[in-house]
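*Asks:* My file is my_file-v4.cif. It has mmCIF, C-alpha atoms and all ligand atoms:
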```cif
data_my_file
loop_
_atom_site.label_atom_id
_atom_site.label_comp_id
_atom_site.auth_asym_id
_atom_site.auth_seq_id
_atom_site.Cartn_x
_atom_site.Cartn_y
_atom_site.Cartn_z
CA MET L 670 -244.04 17.92 215.21
CA THR L 671 -244.29 20.88 217.53
CA ARG L 672 -242.94 24.23 216.58
CA VAL L 673 -240.35 24.22 219.28
CA PHE L 674 -239.03 20.91 218.05
CA ALA L 675 -238.87 22.11 214.44
CA LEU L 676 -236.89 25.19 215.44
CA TRP L 677 -234.60 23.04 217.46
CA LEU L 678 -233.99 20.80 214.46
CA LEU L 679 -233.08 23.77 212.28
CA LEU L 680 -230.52 24.80 214.85
CA VAL L 681 -228.93 21.46 215.44
CA LEU L 682 -229.06 19.86 211.99
CA PRO L 683 -225.86 21.52 210.79
CA LEU L 684 -224.14 20.27 213.94
CA LEU L 685 -225.47 16.75 213.55
CA ALA L 686 -224.18 16.62 210.00
CA GLN L 687 -220.63 17.18 211.18
CA GLU L 688 -220.82 14.70 213.95
CA GLY L 689 -218.52 11.71 213.77
CA SER L 690 -216.55 9.83 216.38
CA SER L 691 -214.53 11.89 218.80
CA THR L 692 -211.16 13.36 218.15
CA SER L 693 -208.50 12.94 220.81
CA SER L 694 -208.80 16.57 221.90
CA ASP L 695 -212.51 16.04 222.59
CA LEU L 696 -211.54 13.13 224.75
CA ASP L 697 -208.91 15.09 226.69
CA GLY L 698 -211.50 17.75 227.38
CA ALA L 699 -214.07 15.21 228.48
CA CYS L 700 -211.57 13.48 230.76
CA ALA L 701 -210.82 16.79 232.44
CA LEU L 702 -214.49 16.98 233.47
CA ILE L 703 -214.07 14.01 235.81
CA LYS L 704 -213.16 15.50 239.17
CA ALA L 705 -212.49 14.14 242.63
CA GLY L 706 -214.89 16.71 244.10
CA GLY L 707 -217.77 15.51 241.94
CA LEU L 708 -217.16 11.91 242.89
CA GLU L 709 -217.09 12.86 246.56
CA GLU L 710 -220.32 14.81 246.33
CA HIS L 711 -222.20 11.85 244.84
CA LEU L 712 -220.72 9.41 247.30
CA LYS L 713 -221.47 11.52 250.38
CA TYR L 714 -225.11 11.03 249.52
CA LEU L 715 -225.11 7.41 248.34
CA ALA L 716 -223.11 6.26 251.37
CA SER L 717 -224.97 8.46 253.86
CA ASP L 718 -226.97 6.98 256.72
CA GLU L 719 -230.11 8.23 254.99
CA LEU L 720 -229.70 5.47 252.38
CA GLU L 721 -229.38 2.82 255.09
CA GLY L 722 -226.76 0.76 253.30
CA ARG L 723 -228.83 0.40 250.07
CA CYS L 724 -230.09 -3.14 250.69
CA SER L 725 -231.95 -4.35 247.58
CA GLY L 726 -235.72 -4.23 248.06
CA PHE L 727 -235.62 -1.52 250.74
CA PRO L 728 -236.23 2.27 250.59
CA GLY L 729 -232.54 3.22 250.84
CA ASN L 730 -231.80 1.21 247.71
CA ASP L 731 -234.77 2.79 245.90
CA LYS L 732 -233.40 6.22 246.77
CA ALA L 733 -230.06 5.22 245.25
CA SER L 734 -231.64 4.07 241.97
CA GLU L 735 -233.79 7.23 241.94
CA TYR L 736 -230.61 9.29 242.25
CA VAL L 737 -228.91 7.42 239.41
CA ALA L 738 -231.94 7.75 237.10
CA LYS L 739 -232.24 11.50 237.81
CA HIS L 740 -228.56 11.88 236.96
CA PHE L 741 -228.98 9.91 233.71
CA GLU L 742 -231.90 12.13 232.77
CA LYS L 743 -230.08 15.34 233.65
CA ILE L 744 -227.04 14.54 231.52
CA GLY L 745 -229.19 13.52 228.55
CA LEU L 746 -228.93 9.74 228.41
CA LYS L 747 -231.93 8.03 226.82
CA PRO L 748 -234.30 5.77 228.75
CA ILE L 749 -234.78 2.51 226.83
CA VAL L 750 -236.69 0.11 229.06
CA GLU L 751 -240.24 -0.46 227.83
CA SER L 752 -242.48 0.03 230.85
CA LYS L 753 -246.04 -1.24 231.29
CA ASP L 754 -247.67 2.06 230.34
CA GLY L 755 -245.78 2.08 227.03
CA GLU L 756 -243.42 4.81 228.18
CA LYS L 757 -239.65 4.41 228.20
CA SER L 758 -238.03 4.20 231.60
CA TYR L 759 -234.55 4.32 233.11
CA PHE L 760 -235.57 1.50 235.46
CA GLN L 761 -235.55 -2.21 234.86
CA PRO L 762 -237.56 -3.74 237.70
CA PHE L 763 -237.00 -7.23 239.13
CA LYS L 764 -237.34 -8.97 242.47
CA VAL L 765 -234.92 -9.89 245.24
CA GLY L 766 -236.34 -12.25 247.86
CA GLY L 767 -239.88 -11.28 246.82
CA ARG L 768 -239.17 -7.54 247.12
CA ALA L 769 -239.19 -5.15 244.20
CA THR L 770 -235.94 -3.51 243.17
CA ARG L 771 -234.46 -2.16 239.93
CA ASN L 772 -231.45 -1.77 237.69
CA CYS L 773 -230.83 1.63 236.06
CA LEU L 774 -230.09 1.97 232.34
CA GLY L 775 -229.10 5.06 230.34
CA PHE L 776 -228.34 4.84 226.61
CA VAL L 777 -226.45 6.89 224.07
CA GLU L 778 -226.54 5.97 220.41
CA GLY L 779 -223.37 5.52 218.36
CA THR L 780 -222.54 7.62 215.28
CA ASP L 781 -221.65 4.89 212.77
CA PRO L 782 -224.66 3.80 210.68
CA LYS L 783 -223.74 0.12 211.07
CA LEU L 784 -221.66 -0.09 214.23
CA LYS L 785 -224.27 1.80 216.27
CA GLU L 786 -226.26 -1.46 216.34
CA GLU L 787 -223.51 -2.78 218.61
CA ILE L 788 -223.45 -1.89 222.29
CA VAL L 789 -220.71 -1.45 224.85
CA VAL L 790 -221.90 -1.65 228.48
CA ILE L 791 -220.21 0.07 231.40
CA GLY L 792 -221.69 -0.57 234.83
CA ALA L 793 -221.45 -0.93 238.57
CA HIS L 794 -223.73 -2.30 241.27
CA HIS L 795 -225.41 0.37 243.39
CA ASP L 796 -226.72 -1.94 246.13
CA HIS L 797 -224.95 -2.87 249.36
CA VAL L 798 -225.73 -5.03 252.39
CA GLY L 799 -228.06 -2.69 254.26
CA LYS L 800 -228.61 -2.36 257.98
CA LYS L 801 -229.37 -4.49 261.02
CA GLY L 802 -232.78 -6.11 260.82
CA GLN L 803 -232.70 -6.47 257.02
CA PRO L 804 -231.90 -9.74 255.19
CA ASN L 805 -228.17 -10.33 255.47
CA ALA L 806 -226.29 -10.72 252.20
CA GLY L 807 -222.84 -10.56 253.75
CA ARG L 808 -222.76 -8.15 256.69
CA MET L 809 -219.78 -8.70 258.94
CA ASP L 810 -219.29 -7.06 262.32
CA ASN L 811 -216.47 -4.68 262.91
CA PRO L 812 -214.02 -6.40 265.24
CA ARG L 813 -212.72 -3.06 266.53
CA GLY L 814 -215.83 -1.85 268.31
CA ASP L 815 -218.39 0.39 266.65
CA LYS L 816 -221.04 -2.21 267.44
CA ASP L 817 -223.59 0.58 267.86
CA ASP L 818 -223.29 1.45 264.20
CA THR L 819 -226.19 -0.41 262.63
CA ILE L 820 -225.69 0.75 259.04
CA TRP L 821 -223.32 -0.80 256.53
CA ASN L 822 -222.85 2.27 254.31
CA GLY L 823 -220.88 0.59 251.55
CA ALA L 824 -218.91 3.63 250.38
CA ASP L 825 -216.26 1.57 248.62
CA ASP L 826 -218.57 -1.42 247.99
CA ASN L 827 -219.91 -0.25 245.69
CA GLY L 828 -220.69 3.41 246.08
CA SER L 829 -217.26 3.99 244.57
CA GLY L 830 -217.96 2.12 241.32
CA THR L 831 -221.43 3.64 241.05
CA VAL L 832 -220.30 7.26 241.35
CA THR L 833 -217.39 6.66 238.98
CA VAL L 834 -219.84 5.38 236.36
CA LEU L 835 -222.01 8.48 236.99
CA GLU L 836 -219.03 10.77 236.41
CA ILE L 837 -217.84 8.86 233.34
CA ALA L 838 -221.34 9.19 231.91
CA ARG L 839 -221.48 12.92 232.68
CA ALA L 840 -218.05 13.52 231.14
CA PHE L 841 -219.10 11.51 228.09
CA MET L 842 -222.24 13.57 227.57
CA GLU L 843 -221.07 17.04 228.66
CA GLY L 844 -217.72 16.54 226.95
CA LYS L 845 -219.64 15.73 223.74
CA VAL L 846 -217.76 12.50 223.25
CA ARG L 847 -219.27 10.53 220.42
CA THR L 848 -218.40 6.93 219.64
CA ARG L 849 -219.10 4.73 216.63
CA ARG L 850 -220.80 2.08 218.73
CA SER L 851 -223.64 2.77 221.15
CA VAL L 852 -222.96 2.88 224.87
CA LEU L 853 -225.18 1.64 227.68
CA PHE L 854 -224.49 2.99 231.17
CA MET L 855 -225.92 0.71 233.85
CA THR L 856 -226.12 0.36 237.59
CA PHE L 857 -227.27 -2.92 239.06
CA SER L 858 -229.21 -3.85 242.15
CA GLY L 859 -229.13 -7.28 243.85
CA GLU L 860 -225.39 -7.85 243.40
CA GLU L 861 -224.81 -8.65 247.05
CA PHE L 862 -227.49 -11.35 246.89
CA GLY L 863 -225.61 -13.12 244.11
CA LEU L 864 -225.28 -10.86 241.06
CA LEU L 865 -229.06 -10.86 240.74
CA GLY L 866 -229.39 -7.55 238.88
CA SER L 867 -226.86 -8.39 236.19
CA LYS L 868 -228.21 -11.95 235.92
CA HIS L 869 -231.65 -10.48 235.43
CA TYR L 870 -230.35 -8.12 232.76
CA VAL L 871 -228.67 -10.86 230.73
CA SER L 872 -231.81 -13.00 230.95
CA LYS L 873 -234.08 -10.10 229.94
CA PRO L 874 -231.80 -7.71 228.05
CA ALA L 875 -233.16 -4.34 226.98
CA LEU L 876 -230.88 -4.51 223.91
CA PRO L 877 -229.87 -7.71 222.09
CA LEU L 878 -227.04 -9.61 223.79
CA ALA L 879 -225.86 -10.82 220.39
CA GLN L 880 -225.06 -7.17 219.63
CA THR L 881 -223.56 -6.44 223.06
CA VAL L 882 -219.88 -6.53 222.29
CA ALA L 883 -218.15 -5.73 225.59
CA MET L 884 -218.76 -4.95 229.24
CA ILE L 885 -216.72 -2.97 231.77
CA ASN L 886 -217.61 -3.46 235.44
CA LEU L 887 -216.46 -1.24 238.30
CA ASP L 888 -216.79 -2.87 241.71
CA MET L 889 -214.81 -1.36 244.60
CA VAL L 890 -212.45 1.24 243.16
CA GLY L 891 -212.17 3.65 246.08
CA ARG L 892 -209.42 2.32 248.32
CA ASN L 893 -205.76 1.24 248.23
CA GLY L 894 -204.77 4.21 246.07
CA ASP L 895 -201.12 3.39 246.72
CA LYS L 896 -201.52 -0.03 245.10
CA LYS L 897 -202.05 -1.03 241.49
CA LEU L 898 -205.59 -1.19 240.18
CA ASP L 899 -206.48 -4.79 239.34
CA VAL L 900 -208.08 -5.09 235.93
CA GLY L 901 -209.50 -8.59 235.95
CA HIS L 902 -210.96 -11.07 233.47
CA VAL L 903 -208.86 -9.70 230.60
CA ALA L 904 -208.56 -13.19 229.08
CA THR L 905 -212.12 -12.74 227.79
CA ALA L 906 -210.74 -11.02 224.65
CA ASP L 907 -207.29 -10.64 223.07
CA GLU L 908 -207.71 -6.88 222.62
CA TRP L 909 -208.15 -5.96 226.30
CA THR L 910 -204.46 -5.96 227.26
CA ASP L 911 -203.45 -3.45 224.60
CA LEU L 912 -206.43 -1.16 225.03
CA ILE L 913 -205.98 -1.17 228.81
CA GLN L 914 -202.31 -0.33 228.52
CA LYS L 915 -202.97 2.63 226.23
CA ALA L 916 -205.75 4.05 228.40
CA ALA L 917 -203.73 3.60 231.60
CA GLU L 918 -200.64 5.22 230.10
CA ALA L 919 -202.62 8.24 228.97
CA VAL L 920 -203.67 8.98 232.57
CA GLY L 921 -200.61 7.62 234.39
CA LEU L 922 -202.51 4.89 236.21
CA ALA L 923 -200.59 2.01 237.83
CA TYR L 924 -202.41 -1.25 237.17
CA LYS L 925 -202.00 -4.99 236.86
CA THR L 926 -204.13 -7.48 234.97
CA THR L 927 -205.61 -10.81 236.02
CA PRO L 928 -206.53 -13.28 233.25
CA LEU L 929 -209.67 -14.71 234.82
CA THR L 930 -211.32 -13.78 238.11
CA PRO L 931 -213.88 -15.79 240.10
CA PRO L 932 -217.50 -14.86 239.38
CA TYR L 933 -217.68 -12.41 242.26
CA SER L 934 -219.16 -9.43 240.50
CA ASP L 935 -221.45 -8.42 237.65
CA HIS L 936 -218.96 -8.80 234.79
CA ALA L 937 -219.33 -12.56 235.32
CA SER L 938 -222.99 -12.45 234.26
CA PHE L 939 -221.99 -10.91 230.93
CA ALA L 940 -219.00 -13.22 230.47
CA SER L 941 -221.33 -16.17 231.05
CA LYS L 942 -223.10 -15.05 227.86
CA ASN L 943 -219.81 -15.01 225.96
CA ILE L 944 -219.41 -11.25 226.10
CA PRO L 945 -215.87 -9.98 226.71
CA ALA L 946 -216.23 -8.50 230.21
CA ILE L 947 -213.70 -7.07 232.61
CA HIS L 948 -213.64 -5.79 236.17
CA PHE L 949 -211.84 -2.84 237.81
CA PHE L 950 -210.99 -3.55 241.45
CA SER L 951 -208.73 -1.64 243.83
CA GLY L 952 -208.56 -4.41 246.42
CA PHE L 953 -209.93 -5.55 249.75
CA HIS L 954 -209.38 -3.73 253.05
CA GLU L 955 -210.31 -4.07 256.70
CA ASP L 956 -213.61 -2.21 256.28
CA TYR L 957 -214.86 -4.57 253.57
CA HIS L 958 -218.52 -5.48 254.31
CA ARG L 959 -218.28 -3.80 257.70
CA GLN L 960 -220.07 -0.78 259.17
CA THR L 961 -216.87 1.23 258.78
CA ASP L 962 -216.86 1.32 254.95
CA HIS L 963 -217.40 5.11 255.06
CA TRP L 964 -217.17 7.87 252.45
CA ASN L 965 -214.37 9.72 254.27
CA LYS L 966 -211.98 6.80 253.79
CA ILE L 967 -212.11 6.95 249.99
CA ASP L 968 -209.15 8.03 247.89
CA TYR L 969 -210.98 10.44 245.59
CA SER L 970 -207.99 11.60 243.60
CA ASN L 971 -207.10 8.03 242.69
CA MET L 972 -210.73 7.39 241.80
CA GLU L 973 -210.64 10.42 239.50
CA LYS L 974 -207.75 8.77 237.68
CA ILE L 975 -209.66 5.49 237.47
CA GLY L 976 -212.64 7.40 236.05
CA LYS L 977 -210.48 8.98 233.34
CA PHE L 978 -208.98 5.59 232.59
CA GLY L 979 -212.46 4.07 232.39
CA LEU L 980 -213.69 6.77 230.00
CA ARG L 981 -210.69 6.33 227.69
CA LEU L 982 -211.03 2.57 227.68
CA LEU L 983 -214.76 2.78 227.03
CA VAL L 984 -214.21 5.10 224.07
CA SER L 985 -211.45 2.94 222.59
CA VAL L 986 -213.62 -0.20 222.76
CA ALA L 987 -216.62 1.63 221.32
CA ASN L 988 -214.52 2.96 218.41
CA LEU L 989 -212.61 -0.24 217.62
CA ASP L 990 -212.53 -1.10 213.90
CA HIS L 991 -213.46 -4.72 214.41
CA ARG L 992 -215.62 -6.48 216.95
CA MET L 993 -213.85 -8.15 219.87
CA GLU L 994 -214.13 -11.91 219.91
CA TYR L 995 -214.96 -13.63 223.18
CA LYS L 996 -212.06 -15.83 224.24
CA GLY L 997 -212.50 -16.67 227.90
CA ARG L 998 -214.19 -19.64 229.39
CA SER L 999 -216.68 -18.89 232.14
CA GLY L 1000 -214.25 -18.69 235.07
CA PRO L 1001 -212.92 -22.08 236.19
CA ALA L 1002 -213.54 -21.19 239.82
CA SER L 1003 -217.23 -21.02 239.02
CA ARG L 1004 -217.28 -24.75 238.43
CA ARG L 1005 -215.60 -25.59 241.73
CA LYS L 1006 -216.90 -23.13 244.26
CA ILE L 1007 -215.24 -23.00 247.65
CA GLY L 1008 -217.07 -19.91 248.86
CA ILE L 1009 -214.31 -17.59 249.95
CA ARG L 1010 -212.90 -14.29 248.88
CA PHE L 1011 -209.16 -14.13 249.17
CA GLU L 1012 -206.06 -12.13 248.39
CA GLU L 1013 -202.47 -13.12 247.80
CA LEU L 1014 -200.12 -12.86 250.74
CA GLY L 1015 -197.51 -10.10 250.40
CA GLU L 1016 -193.80 -10.87 250.27
CA GLU L 1017 -193.17 -9.15 253.61
CA GLU L 1018 -195.97 -11.02 255.33
CA ALA L 1019 -194.69 -14.35 254.03
CA LYS L 1020 -191.33 -13.51 255.60
CA GLU L 1021 -192.90 -12.53 258.91
CA LEU L 1022 -194.77 -15.82 258.98
CA LYS L 1023 -191.45 -17.59 258.33
CA LEU L 1024 -192.69 -19.39 255.24
CA PRO L 1025 -189.87 -21.18 253.41
CA GLU L 1026 -188.34 -19.32 250.43
CA GLY L 1027 -190.59 -19.54 247.36
CA GLN L 1028 -193.68 -20.46 249.32
CA GLY L 1029 -196.70 -18.24 249.69
CA GLY L 1030 -200.36 -18.31 250.57
CA VAL L 1031 -203.75 -16.70 250.19
CA ARG L 1032 -205.52 -14.87 252.98
CA ILE L 1033 -209.25 -15.39 253.36
CA THR L 1034 -211.09 -12.07 253.50
CA ALA L 1035 -214.62 -13.46 253.57
CA VAL L 1036 -216.38 -16.82 253.91
CA SER L 1037 -219.86 -17.32 252.43
CA GLU L 1038 -222.63 -18.86 254.46
CA GLY L 1039 -223.38 -22.50 253.66
CA SER L 1040 -220.28 -22.85 251.49
CA VAL L 1041 -217.79 -25.73 251.36
CA ALA L 1042 -215.33 -23.41 253.08
CA GLU L 1043 -217.65 -22.75 256.00
CA GLU L 1044 -218.49 -26.45 256.35
CA CYS L 1045 -214.86 -27.49 256.60
CA GLY L 1046 -214.14 -24.78 259.18
CA LEU L 1047 -212.24 -22.16 257.19
CA LYS L 1048 -212.38 -18.75 258.81
CA GLU L 1049 -211.86 -15.19 257.72
CA GLY L 1050 -208.23 -14.27 258.39
CA ASP L 1051 -206.94 -17.80 257.80
CA ILE L 1052 -203.99 -18.03 255.47
CA ILE L 1053 -204.17 -21.05 253.19
CA VAL L 1054 -200.68 -22.39 252.52
CA GLU L 1055 -201.49 -25.88 251.21
CA LEU L 1056 -204.36 -27.27 249.17
CA ASN L 1057 -204.83 -30.91 248.26
CA GLY L 1058 -201.31 -31.82 249.35
CA LYS L 1059 -199.61 -29.07 247.35
CA SER L 1060 -198.04 -25.99 248.89
CA LEU L 1061 -198.75 -22.62 247.29
CA PRO L 1062 -195.86 -20.80 245.60
CA ALA L 1063 -194.76 -17.18 245.91
CA PRO L 1064 -195.35 -15.32 243.77
CA GLY L 1065 -198.39 -16.83 242.07
CA ALA L 1066 -200.22 -18.30 245.06
CA GLN L 1067 -203.62 -17.08 243.84
CA THR L 1068 -203.25 -18.56 240.38
CA GLU L 1069 -201.97 -21.86 241.72
CA PHE L 1070 -204.75 -21.98 244.31
CA ARG L 1071 -207.38 -21.70 241.57
CA LYS L 1072 -205.57 -24.22 239.40
CA ILE L 1073 -205.45 -26.82 242.18
CA LEU L 1074 -209.08 -26.12 243.00
CA ARG L 1075 -210.05 -26.85 239.42
CA GLY L 1076 -208.44 -30.30 239.62
CA VAL L 1077 -210.30 -31.37 242.77
CA LYS L 1078 -212.51 -34.43 242.34
CA ASP L 1079 -216.02 -34.92 243.72
CA ASN L 1080 -216.55 -36.87 246.94
CA THR L 1081 -212.91 -37.06 247.95
CA ASP L 1082 -211.32 -35.64 251.09
CA VAL L 1083 -209.32 -32.56 250.18
CA PRO L 1084 -206.79 -31.55 252.84
CA ILE L 1085 -206.29 -27.82 253.43
CA VAL L 1086 -203.54 -26.42 255.64
CA VAL L 1087 -203.97 -22.91 257.03
CA LEU L 1088 -202.05 -20.65 259.35
CA ARG L 1089 -204.34 -19.34 262.05
CA GLY L 1090 -202.90 -17.06 264.70
CA GLY L 1091 -199.44 -18.31 263.74
CA LYS L 1092 -200.36 -22.01 264.17
CA ARG L 1093 -200.77 -24.63 261.45
CA VAL L 1094 -204.31 -25.98 261.34
CA GLU L 1095 -205.27 -28.93 259.13
CA LEU L 1096 -208.79 -29.10 257.73
CA THR L 1097 -210.59 -31.35 255.30
CA ALA L 1098 -212.99 -30.15 252.62
CA LYS L 1099 -215.32 -32.20 250.48
CA TRP L 1100 -217.24 -31.36 247.33
CA GLU L 1101 -220.25 -33.63 247.21
CA LYS L 1102 -221.90 -34.25 243.91
ZN ZN J 1 -219.95 -6.47 248.48
#
```
Spell out the structure here as structure tokens.
*Replies:*
Amino acid sequence: MTRVFALWLLLVLPLLAQEGSSTSSDLDGACALIKAGGLEEHLKYLASDELEGRCSGFPGNDKASEYVAKHFEKIGLKPIVESKDGEKSYFQPFKVGGRATRNCLGFVEGTDPKLKEEIVVIGAHHDHVGKKGQPNAGRMDNPRGDKDDTIWNGADDNGSGTVTVLEIARAFMEGKVRTRRSVLFMTFSGEEFGLLGSKHYVSKPALPLAQTVAMINLDMVGRNGDKKLDVGHVATADEWTDLIQKAAEAVGLAYKTTPLTPPYSDHASFASKNIPAIHFFSGFHEDYHRQTDHWNKIDYSNMEKIGKFGLRLLVSVANLDHRMEYKGRSGPASRRKIGIRFEELGEEEAKELKLPEGQGGVRITAVSEGSVAEECGLKEGDIIVELNGKSLPAPGAQTEFRKILRGVKDNTDVPIVVLRGGKRVELTAKWEK
């Protein structure tokens, strides 16, 4: 032991002895540290042209993970990944399409002698879809010009979730929040190529999955500040609803919950291992996966609120008396993939489209390459109003759509009716075994 370390111990031992889990005033103070300005500062960099859209396996993405790791180090999180030279690292390397990339992990130990063996994960993916000339994991062109812009900056997707996790972590550490369970802050790479970073983590976890008790995922939390935040996948544990309500009330956040969401972000990788895992999502918008997803379109004050909400929720899960029990099934939509992202049609829009009373639809916001949806001719912008002979209700079109999808049989023709440019178009989809 060096002298400096011994002196340090003498100074901090009395403090350590008093340390327990946080009081509510500690938490209020910590929450106050999360500020819109801080979020904006991080995001201006992560979504700048210099980072070239953060495509996994390319220098812009490496710069993003470097930035995250530096931040983790600065605020005092512990590196826990065993690297080849025997040192501990913030990086967990893996490969995307043969190219090296990495997740970032920063750890803080819990205060309870027993419960500290359990881990709560909070994370967000830091990668995006890159720039022209790089492998395309979902780049879409902006229909309103701007064709000269060759960089998909991904401010909302998912610079927003990444910087919110950075600020939650900083507030946690600088605000001296201590929780009974341990907390692992993570940012993932490879999400846009199919949740590759989080899948890698759950296949090679740095800490035992059997002791990983919950996961909170932030993916796209920077837009639609006037709408309710969607907290999805809450059916993965009975406790979520209550804990979410308390945390949201404390910060005055408007939210709604979705029982199970399709496996479209990293929480799904954790849920697939029977870990209660939820997802914060502020909704799609016209810049989604386009060059125009820029930092100056983000609602930073709403994101500040989401950050405070996230910190409170994290602390309440990490201090819970009992361990949450996994309740969800791995999302039903994962078993019958259609390959679209969609959102429920609003009441006003349904009226404008002259849909009969009580009928609704889902609007397609993205179609994946090589999917059933693409094969049968579904297009972005289409509004699905009927699936397999059943019309979709309003409200509840999304839920019904997933339910019908679940009941579809292999190798049968499944009729789909969409509204495209105001006209009814009939298509046929088939799921081959
Ligand atoms: Zn994306």
*Asks:* Residues at most 7 Å from stretch 912-922 of chain L, counting all atoms listed in the file, excluding those fewer than 4 positions away in the same chain, as a PyMOL selection string?
*Replies:* chain L and resi 908+974+977-978+981-982+985
*Asks:* Save the residues we just selected, C-alpha atoms, as a PDB file, keeping the file's coordinate frame?
*Replies:*
```
ATOM      1  CA  GLU L 908    -207.710  -6.880 222.620  1.00  0.00           C
ATOM      2  CA  LYS L 974    -207.750   8.770 237.680  1.00  0.00           C
ATOM      3  CA  LYS L 977    -210.480   8.980 233.340  1.00  0.00           C
ATOM      4  CA  PHE L 978    -208.980   5.590 232.590  1.00  0.00           C
ATOM      5  CA  ARG L 981    -210.690   6.330 227.690  1.00  0.00           C
ATOM      6  CA  LEU L 982    -211.030   2.570 227.680  1.00  0.00           C
ATOM      7  CA  SER L 985    -211.450   2.940 222.590  1.00  0.00           C
TER       8      SER L 985
END
```
*Asks:* Between atom CA of L:Leu898 and atom CA of L:Phe953, measure the distance and give it in Å to one decimal.
*Replies:*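 So the answer is 11.4 Å.
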*Asks:* Could you state the separation of atom CA of L:Ser1060 and atom CA of L:Pro931 in Å, given to one decimal place?
*Replies:*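 Atom CA of L:Pro931 lies at a distance of 20.8 Å from atom CA of L:Ser1060.
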*Asks:* For L:Phe727, which residue out of L:Arg850, L:Lys704, L:Arg1032, L:Lys800 is the nearest one, using only C-alpha atoms?
*Replies:*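 Of the candidates, the smallest distance to L:Phe727 is held by L:Lys800.
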*Asks:* Grab me every residue within 9 Å of ligand ZN 1 (chain J), counting only C-alpha atoms and all ligand atoms, and send it over as number ranges by chain.
*Replies:* L: 796-798, 806-808, 823, 825-827, 860-861, 888-889, 933-934, 957-958
*Asks:* I want to know what sits within 7 Å of L:Ala1066, based on all atoms listed in the file, with residues of the same chain fewer than 5 positions away left out; could you give that as a list in words?
*Replies:*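 Once the adjacent positions are removed, what remains is Glu1013, Gly1029, Gly1030, Val1031 and Leu1061 of chain L.
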*Asks:* Using all atoms listed in the file, which of the listed residues (L:Lys1020, L:His936, L:Lys1099, L:Lys896) sits closest to L:Ser951?
*Replies:*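 The answer is L:Lys896, which sits nearest to L:Ser951.
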